[in-house]
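Below: query_32.cif (mmCIF, C-alpha atoms)
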data_protein
loop_
_atom_site.group_PDB
_atom_site.id
_atom_site.type_symbol
_atom_site.label_atom_id
_atom_site.label_comp_id
_atom_site.auth_asym_id
_atom_site.auth_seq_id
_atom_site.Cartn_x
_atom_site.Cartn_y
_atom_site.Cartn_z
ATOM 1 C CA MET A 1 -5.023 -121.070 -25.482
ATOM 2 C CA PRO A 2 -6.502 -124.302 -24.074
ATOM 3 C CA LYS A 3 -10.157 -124.295 -23.203
ATOM 4 C CA ARG A 4 -10.525 -122.780 -19.766
ATOM 5 C CA SER A 5 -12.166 -124.730 -16.950
ATOM 6 C CA ARG A 6 -14.819 -122.821 -15.039
ATOM 7 C CA ASP A 7 -13.004 -123.743 -11.814
ATOM 8 C CA THR A 8 -9.578 -122.495 -12.952
ATOM 9 C CA ILE A 9 -8.315 -119.122 -11.783
ATOM 10 C CA VAL A 10 -6.172 -117.496 -14.479
ATOM 11 C CA ILE A 11 -3.345 -115.217 -13.339
ATOM 12 C CA ALA A 12 -1.477 -112.988 -15.807
ATOM 13 C CA VAL A 13 2.156 -112.575 -14.752
ATOM 14 C CA PRO A 14 4.946 -110.455 -16.254
ATOM 15 C CA LYS A 15 7.974 -112.030 -17.846
ATOM 16 C CA GLY A 16 11.241 -110.569 -16.633
ATOM 17 C CA ARG A 17 12.945 -109.573 -13.414
ATOM 18 C CA VAL A 18 9.801 -109.396 -11.242
ATOM 19 C CA LEU A 19 8.915 -113.043 -11.919
ATOM 20 C CA GLU A 20 11.578 -114.411 -9.537
ATOM 21 C CA GLN A 21 10.431 -112.137 -6.707
ATOM 22 C CA LEU A 22 6.814 -113.023 -7.449
ATOM 23 C CA SER A 23 7.543 -116.752 -7.318
ATOM 24 C CA GLY A 24 9.059 -116.361 -3.866
ATOM 25 C CA ARG A 25 6.087 -114.354 -2.678
ATOM 26 C CA LEU A 26 3.620 -116.962 -3.978
ATOM 27 C CA GLU A 27 5.545 -119.747 -2.256
ATOM 28 C CA GLU A 28 5.503 -117.796 1.005
ATOM 29 C CA ALA A 29 1.740 -117.561 0.586
ATOM 30 C CA GLY A 30 1.522 -121.357 0.243
ATOM 31 C CA ILE A 31 0.855 -121.318 -3.511
ATOM 32 C CA CYS A 32 2.782 -123.923 -5.546
ATOM 33 C CA THR A 33 4.873 -122.337 -8.324
ATOM 34 C CA HIS A 34 6.294 -125.404 -10.085
ATOM 35 C CA ALA A 35 4.244 -124.776 -13.220
ATOM 36 C CA LEU A 36 5.163 -121.103 -13.212
ATOM 37 C CA THR A 37 8.913 -121.579 -12.774
ATOM 38 C CA ALA A 38 9.403 -124.637 -15.017
ATOM 39 C CA ARG A 39 12.015 -124.204 -17.770
ATOM 40 C CA SER A 40 9.739 -123.939 -20.776
ATOM 41 C CA ARG A 41 8.822 -121.617 -23.629
ATOM 42 C CA LYS A 42 5.120 -122.195 -22.988
ATOM 43 C CA LEU A 43 3.233 -118.964 -22.397
ATOM 44 C CA VAL A 44 0.316 -120.770 -20.715
ATOM 45 C CA ARG A 45 1.261 -122.758 -17.600
ATOM 46 C CA GLU A 46 -1.373 -125.047 -16.068
ATOM 47 C CA ASP A 47 -1.286 -126.194 -12.436
ATOM 48 C CA LYS A 48 -4.278 -128.512 -12.245
ATOM 49 C CA GLU A 49 -3.607 -129.525 -8.646
ATOM 50 C CA SER A 50 -3.967 -125.961 -7.349
ATOM 51 C CA GLY A 51 -6.581 -124.952 -9.936
ATOM 52 C CA LEU A 52 -4.412 -122.126 -11.256
ATOM 53 C CA SER A 53 -3.335 -121.211 -14.760
ATOM 54 C CA TYR A 54 -0.633 -118.647 -15.525
ATOM 55 C CA LEU A 55 -0.285 -116.466 -18.617
ATOM 56 C CA LEU A 56 3.268 -115.196 -19.164
ATOM 57 C CA LEU A 57 3.054 -111.764 -20.772
ATOM 58 C CA LYS A 58 4.995 -108.601 -21.398
ATOM 59 C CA PRO A 59 4.385 -106.344 -18.375
ATOM 60 C CA ASP A 60 2.494 -103.713 -20.361
ATOM 61 C CA ASP A 61 0.010 -106.346 -21.605
ATOM 62 C CA VAL A 62 -0.970 -107.735 -18.185
ATOM 63 C CA PRO A 63 -3.729 -105.196 -17.356
ATOM 64 C CA THR A 64 -5.247 -105.558 -20.835
ATOM 65 C CA TYR A 65 -5.753 -109.310 -20.344
ATOM 66 C CA VAL A 66 -7.255 -108.685 -16.904
ATOM 67 C CA GLU A 67 -9.497 -105.815 -17.977
ATOM 68 C CA TYR A 68 -11.039 -107.857 -20.812
ATOM 69 C CA GLY A 69 -11.467 -111.004 -18.719
ATOM 70 C CA ALA A 70 -8.867 -113.269 -20.346
ATOM 71 C CA ALA A 71 -7.312 -113.411 -16.863
ATOM 72 C CA ASP A 72 -8.984 -113.132 -13.465
ATOM 73 C CA LEU A 73 -5.943 -111.696 -11.686
ATOM 74 C CA GLY A 74 -2.684 -110.101 -12.765
ATOM 75 C CA ILE A 75 0.607 -108.861 -11.380
ATOM 76 C CA VAL A 76 1.778 -105.521 -12.739
ATOM 77 C CA GLY A 77 3.945 -102.569 -11.826
ATOM 78 C CA ARG A 78 2.053 -99.550 -10.586
ATOM 79 C CA ASP A 79 3.803 -97.489 -13.287
ATOM 80 C CA VAL A 80 1.836 -99.356 -15.976
ATOM 81 C CA LEU A 81 -1.438 -98.430 -14.267
ATOM 82 C CA MET A 82 -0.276 -94.819 -13.853
ATOM 83 C CA GLU A 83 0.594 -94.494 -17.537
ATOM 84 C CA ARG A 84 -2.747 -95.723 -18.908
ATOM 85 C CA ASP A 85 -6.287 -95.868 -17.554
ATOM 86 C CA TYR A 86 -7.470 -99.449 -17.054
ATOM 87 C CA ASP A 87 -10.808 -100.562 -15.641
ATOM 88 C CA VAL A 88 -9.376 -102.979 -13.078
ATOM 89 C CA PHE A 89 -9.366 -103.260 -9.291
ATOM 90 C CA ALA A 90 -5.977 -103.181 -7.475
ATOM 91 C CA PRO A 91 -6.595 -104.750 -4.046
ATOM 92 C CA VAL A 92 -3.067 -105.787 -2.984
ATOM 93 C CA ASP A 93 0.360 -104.116 -3.066
ATOM 94 C CA LEU A 94 2.954 -106.908 -3.093
ATOM 95 C CA ASP A 95 5.811 -104.630 -2.034
ATOM 96 C CA ILE A 96 8.125 -106.212 -4.637
ATOM 97 C CA GLY A 97 9.704 -104.769 -7.775
ATOM 98 C CA LYS A 98 10.195 -101.553 -5.829
ATOM 99 C CA CYS A 99 11.620 -98.503 -7.576
ATOM 100 C CA GLU A 100 10.887 -94.810 -8.060
ATOM 101 C CA MET A 101 9.534 -92.785 -10.958
ATOM 102 C CA MET A 102 11.973 -89.892 -11.219
ATOM 103 C CA VAL A 103 12.871 -86.810 -13.195
ATOM 104 C CA CYS A 104 16.571 -87.205 -13.965
ATOM 105 C CA GLY A 105 19.186 -85.047 -15.640
ATOM 106 C CA ARG A 106 22.638 -83.546 -15.377
ATOM 107 C CA PRO A 107 23.806 -82.552 -11.882
ATOM 108 C CA LYS A 108 23.076 -78.992 -10.736
ATOM 109 C CA GLU A 109 21.241 -78.055 -13.946
ATOM 110 C CA PRO A 110 17.828 -76.411 -13.479
ATOM 111 C CA ILE A 111 14.743 -78.237 -14.683
ATOM 112 C CA SER A 112 13.875 -75.734 -17.375
ATOM 113 C CA GLY A 113 13.908 -75.262 -21.109
ATOM 114 C CA LYS A 114 16.549 -73.402 -23.063
ATOM 115 C CA GLY A 115 15.742 -69.859 -24.131
ATOM 116 C CA GLU A 116 12.154 -69.504 -25.298
ATOM 117 C CA ARG A 117 11.456 -73.194 -25.863
ATOM 118 C CA PRO A 118 9.706 -75.400 -23.287
ATOM 119 C CA LEU A 119 11.423 -78.082 -21.242
ATOM 120 C CA ARG A 120 12.196 -81.121 -23.388
ATOM 121 C CA VAL A 121 11.425 -84.390 -21.618
ATOM 122 C CA ALA A 122 12.412 -87.790 -23.025
ATOM 123 C CA THR A 123 10.471 -90.743 -21.621
ATOM 124 C CA LYS A 124 8.545 -93.924 -22.295
ATOM 125 C CA PHE A 125 5.930 -92.619 -19.823
ATOM 126 C CA PRO A 126 4.513 -89.566 -21.644
ATOM 127 C CA HIS A 127 1.206 -89.459 -19.764
ATOM 128 C CA ILE A 128 2.873 -89.635 -16.344
ATOM 129 C CA ALA A 129 5.357 -86.945 -17.352
ATOM 130 C CA GLU A 130 2.700 -84.700 -18.857
ATOM 131 C CA ARG A 131 0.491 -84.870 -15.752
ATOM 132 C CA TYR A 132 3.417 -84.224 -13.423
ATOM 133 C CA PHE A 133 4.741 -81.147 -15.202
ATOM 134 C CA ARG A 134 1.254 -79.797 -15.912
ATOM 135 C CA ALA A 135 0.554 -79.885 -12.152
ATOM 136 C CA LYS A 136 3.754 -77.889 -11.633
ATOM 137 C CA GLY A 137 2.768 -75.395 -14.329
ATOM 138 C CA THR A 138 5.866 -76.237 -16.394
ATOM 139 C CA PRO A 139 5.428 -76.186 -20.203
ATOM 140 C CA VAL A 140 7.012 -79.291 -21.728
ATOM 141 C CA GLU A 141 7.778 -80.861 -25.070
ATOM 142 C CA LEU A 142 7.530 -84.645 -24.714
ATOM 143 C CA ILE A 143 9.827 -86.928 -26.714
ATOM 144 C CA PHE A 144 8.854 -90.605 -26.656
ATOM 145 C CA CYS A 145 11.803 -93.001 -26.190
ATOM 146 C CA GLN A 146 11.444 -96.748 -25.705
ATOM 147 C CA GLY A 147 14.930 -97.527 -24.395
ATOM 148 C CA SER A 148 18.370 -96.106 -23.539
ATOM 149 C CA VAL A 149 16.573 -92.948 -22.475
ATOM 150 C CA GLU A 150 19.686 -91.864 -20.543
ATOM 151 C CA LEU A 151 21.239 -90.900 -23.884
ATOM 152 C CA ALA A 152 18.736 -88.074 -24.381
ATOM 153 C CA PRO A 153 20.351 -85.475 -22.086
ATOM 154 C CA LEU A 154 23.851 -86.566 -23.131
ATOM 155 C CA THR A 155 23.191 -85.941 -26.826
ATOM 156 C CA GLY A 156 21.082 -82.805 -26.452
ATOM 157 C CA LEU A 157 17.893 -84.586 -27.522
ATOM 158 C CA ALA A 158 16.206 -83.595 -24.249
ATOM 159 C CA ASP A 159 16.890 -81.544 -21.130
ATOM 160 C CA VAL A 160 15.720 -84.224 -18.677
ATOM 161 C CA ILE A 161 14.223 -87.691 -18.652
ATOM 162 C CA VAL A 162 11.370 -89.294 -16.727
ATOM 163 C CA ASP A 163 12.130 -92.915 -15.966
ATOM 164 C CA LEU A 164 12.048 -95.670 -13.358
ATOM 165 C CA VAL A 165 15.074 -95.720 -11.054
ATOM 166 C CA GLU A 166 15.927 -98.796 -9.004
ATOM 167 C CA THR A 167 19.573 -98.512 -7.901
ATOM 168 C CA GLY A 168 20.574 -95.434 -9.920
ATOM 169 C CA GLU A 169 23.722 -97.160 -11.202
ATOM 170 C CA THR A 170 22.892 -96.643 -14.892
ATOM 171 C CA LEU A 171 22.320 -92.947 -14.204
ATOM 172 C CA ARG A 172 25.645 -92.609 -12.379
ATOM 173 C CA GLN A 173 27.583 -94.339 -15.131
ATOM 174 C CA ASN A 174 26.136 -91.884 -17.635
ATOM 175 C CA GLY A 175 26.703 -88.751 -15.580
ATOM 176 C CA LEU A 176 23.060 -88.230 -14.603
ATOM 177 C CA VAL A 177 21.351 -87.905 -11.239
ATOM 178 C CA PRO A 178 17.791 -88.102 -9.888
ATOM 179 C CA LEU A 179 16.377 -84.571 -9.614
ATOM 180 C CA GLU A 180 12.761 -84.965 -8.480
ATOM 181 C CA LYS A 181 10.667 -87.936 -7.375
ATOM 182 C CA ILE A 182 7.287 -88.338 -9.036
ATOM 183 C CA ALA A 183 6.065 -91.498 -7.285
ATOM 184 C CA ASP A 184 7.047 -94.715 -5.522
ATOM 185 C CA VAL A 185 6.402 -97.780 -7.675
ATOM 186 C CA SER A 186 5.952 -101.437 -6.767
ATOM 187 C CA SER A 187 4.138 -104.480 -8.131
ATOM 188 C CA VAL A 188 0.444 -104.834 -7.331
ATOM 189 C CA VAL A 189 -2.201 -107.496 -7.778
ATOM 190 C CA ILE A 190 -5.026 -106.440 -10.082
ATOM 191 C CA ALA A 191 -8.375 -108.150 -10.546
ATOM 192 C CA ASN A 192 -11.032 -108.228 -13.215
ATOM 193 C CA ARG A 193 -14.027 -106.484 -11.677
ATOM 194 C CA ALA A 194 -16.629 -108.961 -12.957
ATOM 195 C CA ALA A 195 -14.557 -111.978 -11.927
ATOM 196 C CA LEU A 196 -14.084 -110.554 -8.445
ATOM 197 C CA LYS A 197 -17.864 -110.339 -8.041
ATOM 198 C CA LEU A 198 -18.821 -113.631 -9.650
ATOM 199 C CA ARG A 199 -15.915 -115.781 -8.399
ATOM 200 C CA ARG A 200 -15.123 -114.101 -5.108
ATOM 201 C CA GLU A 201 -15.101 -117.370 -3.116
ATOM 202 C CA ALA A 202 -12.297 -118.718 -5.320
ATOM 203 C CA ILE A 203 -10.343 -115.462 -5.745
ATOM 204 C CA GLU A 204 -10.470 -113.985 -2.244
ATOM 205 C CA PRO A 205 -8.361 -116.755 -0.611
ATOM 206 C CA ILE A 206 -5.598 -116.054 -3.151
ATOM 207 C CA LEU A 207 -5.727 -112.331 -2.387
ATOM 208 C CA ASP A 208 -5.726 -113.020 1.361
ATOM 209 C CA ALA A 209 -2.679 -115.274 1.000
ATOM 210 C CA LEU A 210 -0.806 -112.621 -0.972
ATOM 211 C CA ARG A 211 -1.754 -109.932 1.547
ATOM 212 C CA GLY A 212 -0.034 -111.998 4.208
#
What does this structure look like when you write it as C-alpha cells?
Amino acid sequence: MPKRSRDTIVIAVPKGRVLEQLSGRLEEAGICTHALTARSRKLVREDKESGLSYLLLKPDDVPTYVEYGAADLGIVGRDVLMERDYDVFAPVDLDIGKCEMMVCGRPKEPISGKGERPLRVATKFPHIAERYFRAKGTPVELIFCQGSVELAPLTGLADVIVDLVETGETLRQNGLVPLEKIADVSSVVIANRAALKLRREAIEPILDALRG
C-alpha cells in the first residue's frame, strides 16, 4: 500500500453488489467517486483532489481494517457486525443494501428437531443463529455452510437455515420460505475510534454528508 498522507482519509469499501449503491449515495452527498468506480483491478484507489483513499475489500474484512486503523472509515453490512464483535463505532446507517436475517425452511414445517436430537441449523452466521435460538430456549446443532445453504434442508443436512434474504426468489425456486425474522440488515458507516477522536474535523464532514 502506498505511503499514507496524514491528510488523507482512508475509507474501506466492500467489493460486490453494495458498491454501486454506495457510489450513488456518495455522489448524492457531494463526494466524487471517479477513483472508486474506475475500471481497474487496483485495490487501493487514490482521489488526491478530495483527499480520500479507498480500499476495496471483501465485506467481511472491512471492519478488521477499520478496527486496527488501516482505514479511518468503512462501509459494511450490519450482519458482519452482528456475527463478530469489533471495536468500532457505527455512527451512520446508510439505508442501502437492505435485507433481512431470517430463519428459513420448508413450508408449514415446525422449527424443531427430529425425535430426540436438537434442531439442526445450517448457516454462515453461527454466532447470530446461536444467540437467536438460545434466547428462544431452543437447543440447536449448528452446521457451518459458506454457500448454497438452501441445499441443506433439501438434502436432509439441516432442518432450517439462517441466512440473509433480499427478494426471497432463491428460496422460492428451491421450495423454501422465510419462517422467522431475526433482524433487519442494511449497510452502515463504521469508524475507527481513535481516528474519530484525533481527526474529527476531517471525518465529521464526511459523516454529515452521508447522514444527509
*asked:* I'd like the contact shell of Pro153 of chain A - 12 Å cut-off, only C-alpha atoms, skipping same-chain residues fewer than 3 positions apart - returned as a list in words.
replied: Val103, Cys104, Gly105, Arg106, Pro107, Glu109, Ile111, Leu119, Arg120, Val121, Ala122, Thr123, Ile143, Ser148, Val149, Glu150, Gly156, Leu157, Ala158, Asp159, Val160, Ile161, Val162, Leu171, Asn174, Gly175, Leu176 and Val177 of chain A
Residues just named, written with C-alpha atoms as a PDB file, in the coordinates of the input:
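Ended up saving to again-v5.pdb:
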ATOM      1  CA  VAL A 103      12.871 -86.810 -13.195  1.00  0.00           C
ATOM      2  CA  CYS A 104      16.571 -87.205 -13.965  1.00  0.00           C
ATOM      3  CA  GLY A 105      19.186 -85.047 -15.640  1.00  0.00           C
ATOM      4  CA  ARG A 106      22.638 -83.546 -15.377  1.00  0.00           C
ATOM      5  CA  PRO A 107      23.806 -82.552 -11.882  1.00  0.00           C
ATOM      6  CA  GLU A 109      21.241 -78.055 -13.946  1.00  0.00           C
ATOM      7  CA  ILE A 111      14.743 -78.237 -14.683  1.00  0.00           C
ATOM      8  CA  LEU A 119      11.423 -78.082 -21.242  1.00  0.00           C
ATOM      9  CA  ARG A 120      12.196 -81.121 -23.388  1.00  0.00           C
ATOM     10  CA  VAL A 121      11.425 -84.390 -21.618  1.00  0.00           C
ATOM     11  CA  ALA A 122      12.412 -87.790 -23.025  1.00  0.00           C
ATOM     12  CA  THR A 123      10.471 -90.743 -21.621  1.00  0.00           C
ATOM     13  CA  ILE A 143       9.827 -86.928 -26.714  1.00  0.00           C
ATOM     14  CA  SER A 148      18.370 -96.106 -23.539  1.00  0.00           C
ATOM     15  CA  VAL A 149      16.573 -92.948 -22.475  1.00  0.00           C
ATOM     16  CA  GLU A 150      19.686 -91.864 -20.543  1.00  0.00           C
ATOM     17  CA  GLY A 156      21.082 -82.805 -26.452  1.00  0.00           C
ATOM     18  CA  LEU A 157      17.893 -84.586 -27.522  1.00  0.00           C
ATOM     19  CA  ALA A 158      16.206 -83.595 -24.249  1.00  0.00           C
ATOM     20  CA  ASP A 159      16.890 -81.544 -21.130  1.00  0.00           C
ATOM     21  CA  VAL A 160      15.720 -84.224 -18.677  1.00  0.00           C
ATOM     22  CA  ILE A 161      14.223 -87.691 -18.652  1.00  0.00           C
ATOM     23  CA  VAL A 162      11.370 -89.294 -16.727  1.00  0.00           C
ATOM     24  CA  LEU A 171      22.320 -92.947 -14.204  1.00  0.00           C
ATOM     25  CA  ASN A 174      26.136 -91.884 -17.635  1.00  0.00           C
ATOM     26  CA  GLY A 175      26.703 -88.751 -15.580  1.00  0.00           C
ATOM     27  CA  LEU A 176      23.060 -88.230 -14.603  1.00  0.00           C
ATOM     28  CA  VAL A 177      21.351 -87.905 -11.239  1.00  0.00           C
TER      29      VAL A 177
END
_Residues selected by the PyMOL selection byres ((chain A and resi 50-55) around 8), written as a PyMOL selection string_ = chain A and resi 7-13+31-32+36+43-49+56-57+71
Please, could you write that set of residues out with C-alpha atoms as a short mmCIF file (atom, residue, chain, number, x, y, z; two decimals), in the frame of the given file?
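Dumped everything to result_20.cif:
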data_model
loop_
_atom_site.label_atom_id
_atom_site.label_comp_id
_atom_site.auth_asym_id
_atom_site.auth_seq_id
_atom_site.Cartn_x
_atom_site.Cartn_y
_atom_site.Cartn_z
CA ASP A 7 -13.00 -123.74 -11.81
CA THR A 8 -9.58 -122.50 -12.95
CA ILE A 9 -8.32 -119.12 -11.78
CA VAL A 10 -6.17 -117.50 -14.48
CA ILE A 11 -3.34 -115.22 -13.34
CA ALA A 12 -1.48 -112.99 -15.81
CA VAL A 13 2.16 -112.58 -14.75
CA ILE A 31 0.86 -121.32 -3.51
CA CYS A 32 2.78 -123.92 -5.55
CA LEU A 36 5.16 -121.10 -13.21
CA LEU A 43 3.23 -118.96 -22.40
CA VAL A 44 0.32 -120.77 -20.72
CA ARG A 45 1.26 -122.76 -17.60
CA GLU A 46 -1.37 -125.05 -16.07
CA ASP A 47 -1.29 -126.19 -12.44
CA LYS A 48 -4.28 -128.51 -12.24
CA GLU A 49 -3.61 -129.52 -8.65
CA LEU A 56 3.27 -115.20 -19.16
CA LEU A 57 3.05 -111.76 -20.77
CA ALA A 71 -7.31 -113.41 -16.86
#
List, as a PDB file with C-alpha atoms, in the coordinates of the input, every residue that the PyMOL selection byres ((chain A and resi 203-205) around 12) selects in the file provided.
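Contents of result-v8.pdb, freshly written:
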ATOM      1  CA  ASP A   7     -13.004-123.743 -11.814  1.00  0.00           C
ATOM      2  CA  THR A   8      -9.578-122.495 -12.952  1.00  0.00           C
ATOM      3  CA  ILE A   9      -8.315-119.122 -11.783  1.00  0.00           C
ATOM      4  CA  VAL A  10      -6.172-117.496 -14.479  1.00  0.00           C
ATOM      5  CA  ILE A  11      -3.345-115.217 -13.339  1.00  0.00           C
ATOM      6  CA  ALA A  29       1.740-117.561   0.586  1.00  0.00           C
ATOM      7  CA  GLY A  30       1.522-121.357   0.243  1.00  0.00           C
ATOM      8  CA  ILE A  31       0.855-121.318  -3.511  1.00  0.00           C
ATOM      9  CA  GLY A  51      -6.581-124.952  -9.936  1.00  0.00           C
ATOM     10  CA  LEU A  52      -4.412-122.126 -11.256  1.00  0.00           C
ATOM     11  CA  ALA A  71      -7.312-113.411 -16.863  1.00  0.00           C
ATOM     12  CA  ASP A  72      -8.984-113.132 -13.465  1.00  0.00           C
ATOM     13  CA  LEU A  73      -5.943-111.696 -11.686  1.00  0.00           C
ATOM     14  CA  GLY A  74      -2.684-110.101 -12.765  1.00  0.00           C
ATOM     15  CA  PRO A  91      -6.595-104.750  -4.046  1.00  0.00           C
ATOM     16  CA  VAL A  92      -3.067-105.787  -2.984  1.00  0.00           C
ATOM     17  CA  VAL A 189      -2.201-107.496  -7.778  1.00  0.00           C
ATOM     18  CA  ILE A 190      -5.026-106.440 -10.082  1.00  0.00           C
ATOM     19  CA  ALA A 191      -8.375-108.150 -10.546  1.00  0.00           C
ATOM     20  CA  ASN A 192     -11.032-108.228 -13.215  1.00  0.00           C
ATOM     21  CA  ARG A 193     -14.027-106.484 -11.677  1.00  0.00           C
ATOM     22  CA  ALA A 194     -16.629-108.961 -12.957  1.00  0.00           C
ATOM     23  CA  ALA A 195     -14.557-111.978 -11.927  1.00  0.00           C
ATOM     24  CA  LEU A 196     -14.084-110.554  -8.445  1.00  0.00           C
ATOM     25  CA  LYS A 197     -17.864-110.339  -8.041  1.00  0.00           C
ATOM     26  CA  LEU A 198     -18.821-113.631  -9.650  1.00  0.00           C
ATOM     27  CA  ARG A 199     -15.915-115.781  -8.399  1.00  0.00           C
ATOM     28  CA  ARG A 200     -15.123-114.101  -5.108  1.00  0.00           C
ATOM     29  CA  GLU A 201     -15.101-117.370  -3.116  1.00  0.00           C
ATOM     30  CA  ALA A 202     -12.297-118.718  -5.320  1.00  0.00           C
ATOM     31  CA  ILE A 206      -5.598-116.054  -3.151  1.00  0.00           C
ATOM     32  CA  LEU A 207      -5.727-112.331  -2.387  1.00  0.00           C
ATOM     33  CA  ASP A 208      -5.726-113.020   1.361  1.00  0.00           C
ATOM     34  CA  ALA A 209      -2.679-115.274   1.000  1.00  0.00           C
ATOM     35  CA  LEU A 210      -0.806-112.621  -0.972  1.00  0.00           C
ATOM     36  CA  ARG A 211      -1.754-109.932   1.547  1.00  0.00           C
ATOM     37  CA  GLY A 212      -0.034-111.998   4.208  1.00  0.00           C
TER      38      GLY A 212
END
*Nearest to Lys181 of chain A: which of A:Asp87, A:Gly147, A:Lys108, A:Met101 is it, counting only C-alpha atoms?*
A:Met101
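For the structure in this document, the set picked by the PyMOL selection byres ((chain A and resi 24) around 12) is Val18, Leu19, Glu20, Gln21, Leu22, Ser23, Arg25, Leu26, Glu27, Glu28, Ala29, Gly30, Ile31, Cys32, Thr33, His34, Leu36, Thr37, Leu94, Ile96 and Leu210 of chain A.
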*Work out how far atom CA of Ile75 of chain A is from atom CA of Pro126 of chain A, in Å to one decimal.*
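Straight-line distance from atom CA of Pro126 of chain A to atom CA of Ile75 of chain A works out to 22.2 Å.
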*Just give me the gap between atom CA of Leu154 of chain A and atom CA of Pro118 of chain A in Å, one decimal is fine.*
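Rounded to one decimal, the two atoms are 18.0 Å apart.
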*Give the answer as one residue: which of A:Arg117, A:Lys15, A:Lys98, A:Arg39 has the shortest atom-to-atom distance to Asp184 of chain A, using only C-alpha atoms?*
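Among A:Arg117, A:Lys15, A:Lys98, A:Arg39, it is A:Lys98 that comes nearest to Asp184 of chain A.
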Exercise: residues within 10 Å of coordinate (-6.8, -91.5, -18.2), counting only C-alpha atoms, as an mmCIF file with C-alpha atoms, keeping the file's coordinate frame:
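Everything below was put into result28.cif:
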data_model
loop_
_atom_site.group_PDB
_atom_site.id
_atom_site.type_symbol
_atom_site.label_atom_id
_atom_site.label_comp_id
_atom_site.auth_asym_id
_atom_site.auth_seq_id
_atom_site.Cartn_x
_atom_site.Cartn_y
_atom_site.Cartn_z
ATOM 1 C CA LEU A 81 -1.438 -98.430 -14.267
ATOM 2 C CA MET A 82 -0.276 -94.819 -13.853
ATOM 3 C CA GLU A 83 0.594 -94.494 -17.537
ATOM 4 C CA ARG A 84 -2.747 -95.723 -18.908
ATOM 5 C CA ASP A 85 -6.287 -95.868 -17.554
ATOM 6 C CA TYR A 86 -7.470 -99.449 -17.054
ATOM 7 C CA HIS A 127 1.206 -89.459 -19.764
#
_Using Å and a single decimal, report how far atom CA of Ala183 of chain A sits from atom CA of Thr155 of chain A._
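Calculated distance between atom CA of Thr155 of chain A and atom CA of Ala183 of chain A is 26.6 Å.
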*So, counting all atoms listed in the file, which residue among A:Pro139, A:Gly115, A:Pro14, A:Gly77 is closest to Glu100 of chain A?*
A:Gly77
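Considering all atoms listed in the file, the residue among A:Val62, A:Leu179, A:Val188, A:Leu142 positioned nearest to Ile128 of chain A is A:Leu142.
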_Using all atoms listed in the file for the distances, tell me which of A:Glu180, A:Lys124, A:Gly16, A:Asp93 is nearest to Lys136 of chain A._
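Smallest separation from Lys136 of chain A among the options: A:Glu180.
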Kindly compute an axis-aligned box around the listed atoms of segment 112-115 of chain A, allowing 6 Å on each side, and express its centre and edge lengths in Å to one decimal as JSON.
{"center_x": 15.2, "center_y": -72.8, "center_z": -20.8, "size_x": 14.7, "size_y": 17.9, "size_z": 18.8}
*Taking only C-alpha atoms into account, which of A:Glu141, A:Glu169, A:Asp79, A:Glu130 comes nearest Asp60 of chain A?*
A:Asp79
